[in-house]
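> Next comes the structure file coords-v2.cif, holding mmCIF, C-alpha atoms.
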data_query
loop_
_atom_site.label_atom_id
_atom_site.label_comp_id
_atom_site.auth_asym_id
_atom_site.auth_seq_id
_atom_site.Cartn_x
_atom_site.Cartn_y
_atom_site.Cartn_z
CA MET A 1 -54.24 -28.30 -72.59
CA ASN A 2 -52.79 -25.38 -70.65
CA THR A 3 -49.80 -23.34 -71.82
CA ALA A 4 -47.39 -24.64 -69.18
CA VAL A 5 -48.00 -28.24 -70.27
CA MET A 6 -47.62 -27.28 -73.95
CA MET A 7 -44.33 -25.50 -73.24
CA ASP A 8 -43.02 -28.53 -71.32
CA GLN A 9 -44.06 -30.76 -74.21
CA GLU A 10 -42.32 -28.51 -76.78
CA GLN A 11 -39.20 -28.39 -74.65
CA ALA A 12 -39.16 -32.17 -74.23
CA LEU A 13 -39.56 -32.71 -77.98
CA HIS A 14 -36.82 -30.18 -78.76
CA GLN A 15 -34.51 -31.95 -76.32
CA LEU A 16 -35.38 -35.27 -77.96
CA CYS A 17 -34.43 -33.85 -81.37
CA CYS A 18 -31.07 -32.61 -80.05
CA THR A 19 -30.31 -35.90 -78.30
CA VAL A 20 -31.23 -38.01 -81.34
CA ARG A 21 -29.09 -35.80 -83.61
CA THR A 22 -26.08 -36.37 -81.32
CA LEU A 23 -26.69 -40.11 -81.04
CA VAL A 24 -27.10 -40.50 -84.81
CA MET A 25 -23.78 -38.71 -85.37
CA THR A 26 -22.08 -41.26 -83.10
CA GLY A 27 -23.96 -44.22 -84.61
CA GLU A 28 -25.87 -45.12 -81.45
CA TYR A 29 -29.06 -46.08 -83.27
CA HIS A 30 -30.32 -48.52 -80.63
CA LYS A 31 -30.33 -45.76 -77.98
CA CYS A 32 -32.15 -43.48 -80.43
CA THR A 33 -34.82 -46.06 -81.09
CA ASN A 34 -35.42 -46.61 -77.37
CA LEU A 35 -35.77 -42.86 -76.70
CA ILE A 36 -38.02 -42.32 -79.69
CA THR A 37 -40.39 -45.19 -78.91
CA LYS A 38 -40.81 -43.84 -75.37
CA ALA A 39 -41.57 -40.41 -76.87
CA MET A 40 -44.16 -41.97 -79.19
CA GLY A 41 -45.96 -43.29 -76.12
CA ALA A 42 -45.71 -39.97 -74.29
CA PHE A 43 -46.64 -37.80 -77.30
CA PRO A 44 -48.81 -39.98 -79.59
CA HIS A 45 -50.26 -37.04 -81.52
CA ASN A 46 -46.97 -35.30 -82.31
CA PRO A 47 -45.07 -35.79 -85.58
CA GLU A 48 -41.57 -35.33 -84.12
CA PRO A 49 -40.98 -38.90 -82.87
CA HIS A 50 -42.05 -40.43 -86.21
CA ASN A 51 -39.84 -38.01 -88.13
CA LEU A 52 -36.86 -38.83 -85.92
CA LEU A 53 -37.45 -42.57 -86.20
CA GLY A 54 -37.52 -42.17 -89.97
CA ILE A 55 -34.09 -40.53 -89.86
CA VAL A 56 -32.69 -43.32 -87.65
CA LEU A 57 -34.15 -46.00 -89.92
CA GLU A 58 -32.60 -44.33 -92.97
CA HIS A 59 -29.21 -44.36 -91.28
CA GLU A 60 -29.71 -48.04 -90.49
CA GLY A 61 -30.55 -48.72 -94.14
CA ASP A 62 -34.28 -49.49 -93.76
CA HIS A 63 -35.58 -47.07 -96.38
CA CYS A 64 -39.09 -48.54 -96.65
CA MET A 65 -39.86 -48.26 -92.92
CA ALA A 66 -38.23 -44.83 -92.78
CA MET A 67 -40.55 -43.51 -95.48
CA LYS A 68 -43.54 -44.95 -93.60
CA HIS A 69 -42.56 -42.99 -90.50
CA PHE A 70 -41.98 -39.78 -92.48
CA ARG A 71 -45.47 -40.22 -93.95
CA ALA A 72 -46.89 -40.89 -90.47
CA ALA A 73 -45.31 -37.66 -89.21
CA TRP A 74 -46.72 -35.78 -92.18
CA ALA A 75 -50.17 -37.34 -91.63
CA LEU A 76 -50.16 -36.23 -87.99
CA ASP A 77 -49.31 -32.65 -89.01
CA PRO A 78 -49.20 -31.75 -92.73
CA ALA A 79 -47.68 -28.39 -91.81
CA TYR A 80 -44.70 -30.02 -90.07
CA ALA A 81 -41.89 -28.94 -92.40
CA PRO A 82 -39.22 -31.48 -91.32
CA ALA A 83 -41.41 -34.43 -92.35
CA ASN A 84 -42.10 -32.82 -95.71
CA GLN A 85 -38.42 -32.06 -96.26
CA ASN A 86 -37.40 -35.60 -95.32
CA LEU A 87 -40.00 -37.12 -97.62
CA THR A 88 -38.54 -35.03 -100.43
CA HIS A 89 -34.92 -35.61 -99.40
CA TYR A 90 -35.11 -39.38 -99.07
CA GLY A 91 -37.86 -39.96 -101.64
CA THR A 92 -35.96 -38.81 -104.72
CA PHE A 93 -33.05 -40.23 -106.68
CA TYR A 94 -31.23 -36.94 -106.62
CA SER A 95 -31.49 -35.46 -103.17
CA ASN A 96 -31.16 -31.71 -103.01
CA GLY A 97 -30.72 -31.03 -99.34
CA LYS A 98 -30.10 -32.54 -95.95
CA CYS A 99 -32.36 -34.33 -93.53
CA ALA A 100 -34.33 -32.25 -91.04
CA TYR A 101 -34.41 -33.22 -87.38
CA GLU A 102 -36.46 -30.14 -86.44
CA GLU A 103 -37.89 -26.93 -87.94
CA SER A 104 -34.58 -25.04 -87.77
CA ASP A 105 -33.04 -27.60 -90.17
CA CYS A 106 -35.54 -26.87 -92.92
CA THR A 107 -34.35 -25.04 -95.99
CA ALA A 108 -36.11 -21.88 -97.04
CA LYS A 109 -38.97 -22.68 -99.35
CA ALA A 110 -38.62 -21.43 -102.90
CA PRO A 111 -41.41 -19.15 -104.06
CA ASP A 112 -44.27 -20.97 -105.74
CA ARG A 113 -44.23 -20.75 -109.52
CA TYR A 114 -47.92 -21.51 -109.67
CA GLU A 115 -51.04 -20.09 -108.11
CA VAL A 116 -54.66 -21.15 -107.94
CA ARG A 117 -57.30 -18.79 -109.27
CA TYR A 118 -61.00 -19.48 -108.84
CA ASP A 119 -63.55 -18.71 -111.52
CA GLU A 120 -67.14 -17.55 -111.01
CA HIS A 121 -68.26 -21.15 -110.45
CA GLY A 122 -65.76 -21.75 -107.66
CA VAL A 123 -63.55 -24.00 -109.78
CA GLY A 124 -59.84 -23.58 -109.13
CA HIS A 125 -57.41 -23.26 -112.03
CA VAL A 126 -53.64 -23.62 -111.69
CA ILE A 127 -51.90 -20.72 -113.39
CA ARG A 128 -48.15 -20.30 -113.91
CA ARG A 129 -46.90 -17.09 -112.33
CA ARG A 130 -44.86 -14.72 -114.41
CA LYS A 131 -41.33 -14.00 -113.29
#
Could you quickly redo this structure as structure tokens?

Amino acid sequence: MNTAVMMDQEQALHQLCCTVRTLVMTGEYHKCTNLITKAMGAFPHNPEPHNLLGIVLEHEGDHCMAMKHFRAAWALDPAYAPANQNLTHYGTFYSNGKCAYEESDCTAKAPDRYEVRYDEHGVGHVIRRRK
């Protein structure tokens, strides 16, 4: 895929995130769902539409389906931070953050308290880091 097409795709997905955020704030979930399902058809390998649909479903009260779409977004791209943040946000009893429509909504990641060290046999061991 050439760079011009990729930039158009990124721009379209960013615009989708902004539009869905606005529509969710006004409670226009049906419009969101229509836009997102069209985006799923246009960008089947991108996590953004699934993440956004998860947010809409949560606002509509369908927690089970929302979590499925957050997991689908994460499966499409495990490095996609909004899906990970939303899985954490909506998947716990005591949420510690807000939902993430796009990368800019993600909270800064706390430093890892653990690290993996490999021994001479190539076996990884989880070690707690010292403060």
> Could you pull the residues within 12 Å of Ala42 (chain A), counting only C-alpha atoms, minus those fewer than 5 positions along the same chain, as a VMD selection string?
chain A and resid 9 12 to 13 16 35 to 37 48 to 49
> Need the neighbours of (-41.8, -33.0, -94.0): which residues are at most 10 Å away, counting all atoms listed in the file, as a list in words?
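Checking each residue against the 10 Å limit leaves Pro47, Asn51, Phe70, Arg71, Ala73, Trp74, Ala75, Asp77, Pro78, Ala79, Tyr80, Ala81, Pro82, Ala83, Asn84, Gln85, Asn86, Leu87, Thr88, His89, Cys99, Ala100, Tyr101, Glu102, Glu103 and Cys106 of chain A.
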> Could you write out the selected residues, including C-alpha atoms, as an mmCIF file, in the frame of the given file?

data_model
loop_
_atom_site.group_PDB
_atom_site.id
_atom_site.type_symbol
_atom_site.label_atom_id
_atom_site.label_comp_id
_atom_site.auth_asym_id
_atom_site.auth_seq_id
_atom_site.Cartn_x
_atom_site.Cartn_y
_atom_site.Cartn_z
ATOM 1 C CA PRO A 47 -45.070 -35.790 -85.580
ATOM 2 C CA ASN A 51 -39.840 -38.010 -88.130
ATOM 3 C CA PHE A 70 -41.980 -39.780 -92.480
ATOM 4 C CA ARG A 71 -45.470 -40.220 -93.950
ATOM 5 C CA ALA A 73 -45.310 -37.660 -89.210
ATOM 6 C CA TRP A 74 -46.720 -35.780 -92.180
ATOM 7 C CA ALA A 75 -50.170 -37.340 -91.630
ATOM 8 C CA ASP A 77 -49.310 -32.650 -89.010
ATOM 9 C CA PRO A 78 -49.200 -31.750 -92.730
ATOM 10 C CA ALA A 79 -47.680 -28.390 -91.810
ATOM 11 C CA TYR A 80 -44.700 -30.020 -90.070
ATOM 12 C CA ALA A 81 -41.890 -28.940 -92.400
ATOM 13 C CA PRO A 82 -39.220 -31.480 -91.320
ATOM 14 C CA ALA A 83 -41.410 -34.430 -92.350
ATOM 15 C CA ASN A 84 -42.100 -32.820 -95.710
ATOM 16 C CA GLN A 85 -38.420 -32.060 -96.260
ATOM 17 C CA ASN A 86 -37.400 -35.600 -95.320
ATOM 18 C CA LEU A 87 -40.000 -37.120 -97.620
ATOM 19 C CA THR A 88 -38.540 -35.030 -100.430
ATOM 20 C CA HIS A 89 -34.920 -35.610 -99.400
ATOM 21 C CA CYS A 99 -32.360 -34.330 -93.530
ATOM 22 C CA ALA A 100 -34.330 -32.250 -91.040
ATOM 23 C CA TYR A 101 -34.410 -33.220 -87.380
ATOM 24 C CA GLU A 102 -36.460 -30.140 -86.440
ATOM 25 C CA GLU A 103 -37.890 -26.930 -87.940
ATOM 26 C CA CYS A 106 -35.540 -26.870 -92.920
#
> Quote the spacing between CA of Lys38 (chain A) and CA of Met65 (chain A) in Å to one decimal place.
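For CA of Lys38 (chain A) relative to CA of Met65 (chain A), the distance reads 18.1 Å.
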> Provide the CA of Thr107 (chain A) to CA of Glu60 (chain A) distance in Å, to one decimal place.
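Going from CA of Thr107 (chain A) over to CA of Glu60 (chain A) covers 24.1 Å.
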> Record the distance separating CA of Phe93 (chain A) and CA of Arg21 (chain A), expressed in Å with one decimal.
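Between CA of Phe93 (chain A) and CA of Arg21 (chain A) the gap is 23.8 Å.
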> Quick one: of A:Leu23, A:Glu120, A:Phe43, A:Arg128, who's nearest to Asp8 (chain A), counting all atoms listed in the file?
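Counting all atoms listed in the file, the residue closest to Asp8 (chain A) is A:Phe43.
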> My list of candidates is A:Glu58, A:Gly124, A:His69, A:Asn46. Which is closest to His14 (chain A) when distances are computed with only C-alpha atoms?
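Residue with the minimum atom-to-atom distance to His14 (chain A): A:Asn46.
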> Under the PyMOL selection byres ((chain A and resi 56) around 8), which residues of this model are included? Write them out as a PyMOL selection string.
chain A and resi 24+29+32-33+52-55+57-60+66
> Skip Arg113 (chain A) itself and residues of its chain fewer than 4 positions away, then list as a list in words all residues within 10 Å of it, counting only C-alpha atoms.
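Skipping anything fewer than 4 positions along the chain leaves Ile127, Arg128, Arg129, Arg130 and Lys131 of chain A.
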> Give me a file of those residues, with C-alpha atoms, as a PDB file, in the frame of the given file.

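The resulting file, again.pdb, is reproduced below:
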ATOM      1  CA  ILE A 127     -51.900 -20.720-113.390  1.00  0.00           C
ATOM      2  CA  ARG A 128     -48.150 -20.300-113.910  1.00  0.00           C
ATOM      3  CA  ARG A 129     -46.900 -17.090-112.330  1.00  0.00           C
ATOM      4  CA  ARG A 130     -44.860 -14.720-114.410  1.00  0.00           C
ATOM      5  CA  LYS A 131     -41.330 -14.000-113.290  1.00  0.00           C
TER       6      LYS A 131
END
> Padding of 3 Å on every side, edges along x, y and z, all listed atoms of region 97-103 of chain A included: what centre and edge lengths in Å, to one decimal, does that box have, as AutoDock Vina command-line options?

--center_x -34.0 --center_y -30.6 --center_z -92.9 --size_x 13.8 --size_y 13.4 --size_z 18.9
